[in-house]
Amino acid sequence: MGINNIGRIFMPKNKVFYGLFEDVADTVFEMGKMLKQLVNEPDVNIRASLTSKLEDLEHRNDEHTHRLFTELSRNFITPFDREDIHYLATSLDDIADYIFASAKKISFYRVNPNDSGMQKMAELIEQACLEIRVAVMGLRDMKNLRAMTEAMVKINSIENQADDVFDMSIEILFQKENDFKEVIKKREIYQVMEVATDKCEDAANVIESIIVKYA
């Protein structure tokens with residue numbers, strides 16, 4: 001019997017880690033949907049309300065992440081490597097942080113997000129968060145490896161698309177925007193949104209590592 005199979009015999013029966021990761025994935029996906037809604041919302045007051053809701057979700061995600069770390073310190077036996085649990089929790093938390101940071105910067109800088117680059121980037125973030133959710137939900141029993149693998153391939157493609165959208169948006173920004181302050185503000189928002197997709201790819205890489213070790 002392999003070491004991995006022996007480890008599975010002693011897995012915690014409550015599987016608390018799976019439940020917490022699923023809660024985090026749900027929250028991250030909800031944040032991705034809300035960010036897309038925000039950048040397509042013309043009413044500044046509604047955008048402010050959505051930003052406030054995103055902040056609440058980000059705090060909720062922090063609580064889930066804190067509990068993951070608490071459970072990690074309490075449990076000697078874990079479903080998979082302790083380092084992978086830590087890396088996955090951190091990378092998922094980073095996604096939430098950068099989604100909220102995107103909304104916060106739009107609000108703080110008073111930028112009108114009626115911008116094809118921001119809207120396309122938000123769409124890609126939502127898509128990546130959906131695929132992250134698919135991959136995380138598969139960790140509990142790893143019976144649908146094909147769906148998990150397809151999700152990770154899609155995340156990689158989405159991150160590449162986000163890079164292209166970022167480059168194109170910066171090029172258009174410098175060509176058409178004459179207000180230097182607006183250039184600085186929008187460029188920073190594009191950067192934060194692009195990093196959100198990078199963090200999705202980081203999480204996918206951790207999940208891929210877990211699959212290689214335990215599937």
# chains A, B, ... in the order shown; residues from 1 in each chain; ligands from 1
call {"tool": "residues_around", "arguments": {"residues": "segment 150-166 of chain A", "least_positions_apart": "4", "cutoff": "10 Å", "atoms": "only C-alpha atoms", "output": "count of residues only"}}
result
42
call {"tool": "residues_around", "arguments": {"residues": "Lys105 of chain A", "least_positions_apart": "6", "cutoff": "9 Å", "atoms": "only C-alpha atoms", "output": "ChimeraX atom specification"}}
result
/A:111,185,188-189,192
call {"tool": "residues_around", "arguments": {"residues": "segment 44-51 of chain A", "least_positions_apart": "5", "cutoff": "12 Å", "atoms": "only C-alpha atoms", "output": "list in words"}}
result
Glu30, Met31, Gly32, Lys33, Met34, Leu35, Lys36, Gln37, Leu38, Val39, Asp56, Leu57, Glu58, Ile99, Phe100, Ala101, Ser102, Ala103, Lys104, Lys105, Ile106, Ser107, Phe108, Arg110, Val111, Asn112, Pro113 and Asn114 of chain A
call {"tool": "select_by_dssp", "arguments": {"residues": "chain A", "states": "helix (DSSP H, G or I)", "output": "PyMOL selection string"}}
result
chain A and resi 3-9+16-39+44-74+82-108+116-137+145-176+180-214
call {"tool": "closest_residue", "arguments": {"among": "A:Ile95, A:Val206, A:Ile211, A:Met168", "to": "Lys143 of chain A", "atoms": "only C-alpha atoms"}}
result
A:Ile211
call {"tool": "closest_residue", "arguments": {"among": "A:Arg67, A:Asn40, A:Tyr109, A:Pro79", "to": "Glu182 of chain A", "atoms": "only C-alpha atoms"}}
result
A:Tyr109
call {"tool": "atom_distance", "arguments": {"atom1": "atom CA of Ala25 of chain A", "atom2": "atom CA of Ser52 of chain A"}}
result
19.7 Å
